[in-house]
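Trainee: See start.cif below, with mmCIF, C-alpha atoms.
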data_target
#
loop_
_atom_site.label_atom_id
_atom_site.label_comp_id
_atom_site.auth_asym_id
_atom_site.auth_seq_id
_atom_site.Cartn_x
_atom_site.Cartn_y
_atom_site.Cartn_z
CA MET A 24 -24.74 -15.30 -21.87
CA ASP A 25 -25.39 -14.00 -25.38
CA ASN A 26 -22.89 -12.17 -27.58
CA LYS A 27 -24.02 -8.74 -26.40
CA ASP A 28 -23.59 -9.72 -22.73
CA LEU A 29 -20.18 -11.20 -23.50
CA ALA A 30 -19.14 -8.05 -25.38
CA ASN A 31 -20.26 -5.89 -22.43
CA ALA A 32 -18.37 -8.08 -19.96
CA LEU A 33 -15.21 -7.95 -22.09
CA ASP A 34 -15.53 -4.18 -22.51
CA ARG A 35 -15.91 -3.76 -18.76
CA SER A 36 -12.89 -5.93 -17.99
CA GLU A 37 -10.72 -4.07 -20.49
CA ASN A 38 -11.99 -0.58 -19.68
CA TYR A 39 -12.60 -0.89 -15.96
CA GLU A 40 -10.72 2.32 -15.16
CA THR A 41 -13.20 4.39 -17.19
CA TYR A 42 -16.14 2.40 -15.90
CA ILE A 43 -15.09 2.73 -12.27
CA ALA A 44 -14.57 6.49 -12.52
CA SER A 45 -18.27 6.87 -13.39
CA MET A 46 -19.48 4.91 -10.34
CA ASN A 47 -20.83 6.39 -7.15
CA ASN A 48 -19.11 5.74 -3.82
CA ALA A 49 -21.49 2.92 -2.83
CA GLU A 50 -20.68 1.09 -6.07
CA LEU A 51 -16.96 1.59 -5.47
CA ILE A 52 -17.30 0.16 -1.98
CA THR A 53 -19.11 -2.88 -3.39
CA ILE A 54 -16.18 -3.57 -5.73
CA ILE A 55 -13.70 -3.09 -2.88
CA THR A 56 -15.53 -5.39 -0.47
CA ASN A 57 -16.23 -8.11 -3.06
CA LEU A 58 -12.52 -8.48 -3.95
CA ASP A 59 -13.42 -10.20 -7.23
CA ASN A 60 -10.91 -8.61 -9.59
CA LEU A 61 -7.88 -7.14 -7.82
CA ASP A 62 -7.14 -4.66 -10.62
CA GLU A 63 -10.70 -3.34 -10.29
CA VAL A 64 -10.44 -3.32 -6.50
CA THR A 65 -7.20 -1.30 -6.64
CA THR A 66 -8.75 1.16 -9.10
CA ALA A 67 -11.95 1.45 -7.03
CA LEU A 68 -9.99 1.99 -3.81
CA THR A 69 -7.87 4.65 -5.51
CA GLU A 70 -10.97 6.39 -6.88
CA LEU A 71 -12.65 6.30 -3.47
CA SER A 72 -9.51 7.71 -1.86
CA ILE A 73 -9.40 10.56 -4.38
CA ARG A 74 -13.02 11.43 -3.61
CA ASP A 75 -13.02 10.76 0.12
CA LYS A 76 -9.66 10.06 1.76
CA GLU A 77 -11.17 9.52 5.21
CA GLY A 78 -13.90 7.29 3.74
CA ALA A 79 -11.27 5.00 2.21
CA VAL A 80 -9.40 4.46 5.49
CA PRO A 81 -11.64 1.66 6.89
CA TYR A 82 -11.23 -0.32 3.66
CA CYS A 83 -7.48 0.21 3.65
CA LEU A 84 -7.30 -0.97 7.25
CA LYS A 85 -9.44 -4.04 6.51
CA ILE A 86 -7.26 -5.00 3.53
CA LEU A 87 -4.11 -4.63 5.60
CA LYS A 88 -5.27 -6.19 8.86
CA GLU A 89 -6.91 -9.18 7.17
CA ASP A 90 -4.24 -9.71 4.48
CA LEU A 91 -6.83 -9.35 1.72
CA GLY A 92 -5.92 -9.29 -1.95
CA ASP A 93 -2.35 -9.53 -3.14
CA GLU A 94 0.82 -7.74 -2.07
CA PHE A 95 0.23 -4.93 -4.56
CA LEU A 96 -3.27 -4.15 -3.28
CA GLN A 97 -1.88 -4.14 0.25
CA ALA A 98 0.90 -1.73 -0.78
CA VAL A 99 -1.66 0.60 -2.40
CA ALA A 100 -3.87 0.39 0.71
CA PHE A 101 -0.87 1.24 2.89
CA ASN A 102 0.03 4.24 0.72
CA MET A 103 -3.51 5.60 1.04
CA LEU A 104 -3.68 4.95 4.76
CA TYR A 105 -0.31 6.61 5.34
CA GLU A 106 -1.42 9.69 3.44
CA VAL A 107 -4.37 10.17 5.79
CA ASP A 108 -3.16 8.86 9.14
CA HIS A 109 0.54 8.38 9.91
CA GLU A 110 -0.14 6.96 13.36
CA LYS A 111 -2.53 4.26 12.11
CA ALA A 112 0.01 3.43 9.40
CA LYS A 113 2.69 3.11 12.07
CA GLU A 114 0.44 0.71 14.00
CA ILE A 115 0.01 -1.40 10.84
CA ILE A 116 3.79 -1.48 10.37
CA THR A 117 4.23 -2.67 13.94
CA GLU A 118 1.51 -5.34 13.56
CA LYS A 119 2.45 -6.58 10.08
CA LEU A 120 6.21 -6.13 9.86
CA THR A 121 7.29 -9.69 10.66
CA ASN A 122 5.34 -11.13 7.70
CA ALA A 123 4.96 -8.09 5.45
CA SER A 124 5.23 -8.78 1.73
CA THR A 125 7.97 -7.34 -0.41
CA ALA A 126 5.68 -4.76 -2.02
CA LEU A 127 4.41 -3.68 1.39
CA ILE A 128 7.97 -3.32 2.75
CA GLY A 129 8.78 -1.16 -0.29
CA ALA A 130 5.70 1.01 0.30
CA ILE A 131 6.58 1.38 3.98
CA MET A 132 10.13 2.43 3.16
CA ASP A 133 8.98 4.93 0.53
CA ASN A 134 6.35 6.57 2.69
CA LEU A 135 8.63 6.91 5.69
CA SER A 136 11.48 8.21 3.51
CA THR A 137 9.18 10.89 2.11
CA ASP A 138 8.60 12.19 5.62
CA SER A 139 12.09 11.64 7.01
CA LEU A 140 12.67 15.39 7.47
CA GLN A 141 9.14 16.09 8.72
CA PRO A 142 8.24 16.00 12.43
CA PHE A 143 6.65 12.54 12.07
CA GLY A 144 9.69 11.08 10.35
CA GLU A 145 12.06 12.70 12.82
CA SER A 146 10.04 11.25 15.70
CA LEU A 147 10.54 7.65 14.55
CA SER A 148 12.84 5.72 16.85
CA ALA A 149 16.03 4.06 15.69
CA GLU A 150 14.62 0.77 17.00
CA PHE A 151 11.49 1.09 14.83
CA LEU A 152 13.48 2.01 11.71
CA ASN A 153 16.04 -0.74 12.26
CA ALA A 154 13.23 -3.30 12.58
CA ILE A 155 12.08 -2.32 9.08
CA LEU A 156 15.60 -2.66 7.79
CA GLU A 157 15.97 -6.07 9.43
CA ARG A 158 12.76 -7.21 7.68
CA TYR A 159 14.28 -6.08 4.38
CA PHE A 160 17.40 -8.13 5.08
CA ASP A 161 15.21 -11.20 5.75
CA LEU A 162 13.88 -11.08 2.18
CA SER A 163 15.22 -13.34 -0.53
CA ASP A 164 17.86 -11.86 -2.83
CA ALA A 165 15.29 -11.65 -5.64
CA ASP A 166 12.83 -9.78 -3.41
CA LYS A 167 15.56 -7.45 -2.16
CA GLU A 168 16.37 -6.63 -5.77
CA ARG A 169 12.70 -5.80 -6.47
CA ILE A 170 12.72 -3.04 -3.87
CA HIS A 171 16.39 -2.11 -3.90
CA ASP A 172 15.64 1.52 -4.83
CA ASN A 173 13.21 1.78 -1.91
CA TYR A 174 15.90 0.38 0.39
CA GLU A 175 18.55 2.83 -0.84
CA TRP A 176 16.25 5.82 -0.35
CA PHE A 177 15.26 4.57 3.11
CA GLN A 178 18.90 4.06 4.05
CA GLU A 179 19.84 7.57 2.86
CA SER A 180 16.82 9.16 4.52
CA PHE A 181 17.49 7.68 7.94
CA GLU A 182 21.26 7.09 7.83
CA LYS A 183 21.82 8.76 11.21
CA LYS A 184 19.32 6.46 12.95
CA LEU A 185 20.09 3.17 11.21
CA SER A 186 22.65 0.94 12.85
CA ILE A 187 22.57 -1.86 10.26
CA MET A 188 24.39 -0.96 7.06
#
Using structure tokens, write down the structure from this file.
Mentor:
Amino acid sequence: MDNKDLANALDRSENYETYIASMNNAELITIITNLDNLDEVTTALTELSIRDKEGAVPYCLKILKEDLGDEFLQAVAFNMLYEVDHEKAKEIITEKLTNASTALIGAIMDNLSTDSLQPFGESLSAEFLNAILERYFDLSDADKERIHDNYEWFQESFEKKLSIM
């Protein structure tokens, strides 16, 4: 690699947000599926979701179902999935709750809290909501602190359905 190639690689790694915004959807999907640089993957998934929410869903589902990337990529993928399809997001919660990462638990709490007064949020059972709360209580004290604000909002949003306080 000569100096020009090195300079281009460094520029790309430092300015990936600008670079990714200029890509077409196929190039974005390549970044997402390669999972080489998680910051780039997160940015590419976000860009794809902005352009084509439905088109991003299969990649969000793959990331979540296969535990790809880190906890932050999974939280972003959950946020995007939830925005498009509440029912699929609910299925992911049910499947992943027992071993969900701290960031993912925070994203779940935030998204559900946002819709607590909407028909979807009102339709959530006390059992389902309490299972999320129980998962929060299973976290270490340090992890609970990381998402304490998410927990408080969740608790306030669903106080009538939550039995664990």
Trainee: Pick out the residues sitting within 10 Å of segment 105-116 of chain A, and hand them over as a VMD selection string; count only C-alpha atoms, and ignore anything fewer than 6 positions along from it in its own chain.
Mentor: chain A and resid 72 76 to 77 79 to 80 83 to 84 87 to 88 99 123 127 to 128 130 to 131 134 to 135 138 143 to 144 147 151 154 to 155
Trainee: Give me, as an MDAnalysis selection string, all polymer residues having an atom no more than 12 Å from segment 43-58 of chain A, counting only C-alpha atoms and skipping those fewer than 5 positions away in the same chain.
Mentor: chainID A and resid 35:38 63:76 78:83 85:86 90:93 96 100
Trainee: Could the residues in this selection be written to a file with C-alpha atoms, as a PDB file, keeping the file's coordinate frame?
Mentor:
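What follows is the written file selection_29.pdb:
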ATOM      1  CA  ARG A  35     -15.910  -3.760 -18.760  1.00  0.00           C
ATOM      2  CA  SER A  36     -12.890  -5.930 -17.990  1.00  0.00           C
ATOM      3  CA  GLU A  37     -10.720  -4.070 -20.490  1.00  0.00           C
ATOM      4  CA  ASN A  38     -11.990  -0.580 -19.680  1.00  0.00           C
ATOM      5  CA  GLU A  63     -10.700  -3.340 -10.290  1.00  0.00           C
ATOM      6  CA  VAL A  64     -10.440  -3.320  -6.500  1.00  0.00           C
ATOM      7  CA  THR A  65      -7.200  -1.300  -6.640  1.00  0.00           C
ATOM      8  CA  THR A  66      -8.750   1.160  -9.100  1.00  0.00           C
ATOM      9  CA  ALA A  67     -11.950   1.450  -7.030  1.00  0.00           C
ATOM     10  CA  LEU A  68      -9.990   1.990  -3.810  1.00  0.00           C
ATOM     11  CA  THR A  69      -7.870   4.650  -5.510  1.00  0.00           C
ATOM     12  CA  GLU A  70     -10.970   6.390  -6.880  1.00  0.00           C
ATOM     13  CA  LEU A  71     -12.650   6.300  -3.470  1.00  0.00           C
ATOM     14  CA  SER A  72      -9.510   7.710  -1.860  1.00  0.00           C
ATOM     15  CA  ILE A  73      -9.400  10.560  -4.380  1.00  0.00           C
ATOM     16  CA  ARG A  74     -13.020  11.430  -3.610  1.00  0.00           C
ATOM     17  CA  ASP A  75     -13.020  10.760   0.120  1.00  0.00           C
ATOM     18  CA  LYS A  76      -9.660  10.060   1.760  1.00  0.00           C
ATOM     19  CA  GLY A  78     -13.900   7.290   3.740  1.00  0.00           C
ATOM     20  CA  ALA A  79     -11.270   5.000   2.210  1.00  0.00           C
ATOM     21  CA  VAL A  80      -9.400   4.460   5.490  1.00  0.00           C
ATOM     22  CA  PRO A  81     -11.640   1.660   6.890  1.00  0.00           C
ATOM     23  CA  TYR A  82     -11.230  -0.320   3.660  1.00  0.00           C
ATOM     24  CA  CYS A  83      -7.480   0.210   3.650  1.00  0.00           C
ATOM     25  CA  LYS A  85      -9.440  -4.040   6.510  1.00  0.00           C
ATOM     26  CA  ILE A  86      -7.260  -5.000   3.530  1.00  0.00           C
ATOM     27  CA  ASP A  90      -4.240  -9.710   4.480  1.00  0.00           C
ATOM     28  CA  LEU A  91      -6.830  -9.350   1.720  1.00  0.00           C
ATOM     29  CA  GLY A  92      -5.920  -9.290  -1.950  1.00  0.00           C
ATOM     30  CA  ASP A  93      -2.350  -9.530  -3.140  1.00  0.00           C
ATOM     31  CA  LEU A  96      -3.270  -4.150  -3.280  1.00  0.00           C
ATOM     32  CA  ALA A 100      -3.870   0.390   0.710  1.00  0.00           C
TER      33      ALA A 100
END
Trainee: Report as a VMD selection string the full result of the PyMOL selection byres ((chain A and resi 153) around 8) when it is applied to this structure.
Mentor: chain A and resid 149 to 152 154 to 157 184 to 187
Trainee: Check the smallest atom-to-atom distance from each of A:Ser136, A:Thr41, A:Asn60, A:Thr117 to Glu175 of chain A using only C-alpha atoms, then report the winner.
Mentor: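 Nearest to Glu175 of chain A: A:Ser136.
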Trainee: When distances are computed from only C-alpha atoms, which of A:Gln97, A:Met103, A:Phe181, A:Asp133 shows the smallest separation from Ser146 of chain A?
Mentor: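 Checking each of A:Gln97, A:Met103, A:Phe181, A:Asp133 against Ser146 of chain A, counting only C-alpha atoms, the winner is A:Phe181.
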Trainee: Atom CA of Asp166 of chain A and atom CA of Thr125 of chain A are how many Å apart?
Mentor: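 So the two atoms, atom CA of Asp166 of chain A and atom CA of Thr125 of chain A, lie 6.2 Å apart.
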Trainee: Take every atom of segment 171-186 of chain A listed in the file, pad by 5 Å on each side, and give me the axis-aligned box centre and edge lengths in Å, one decimal, as JSON.
Mentor:
{"center_x": 17.9, "center_y": 3.5, "center_z": 4.1, "size_x": 19.4, "size_y": 21.3, "size_z": 27.8}
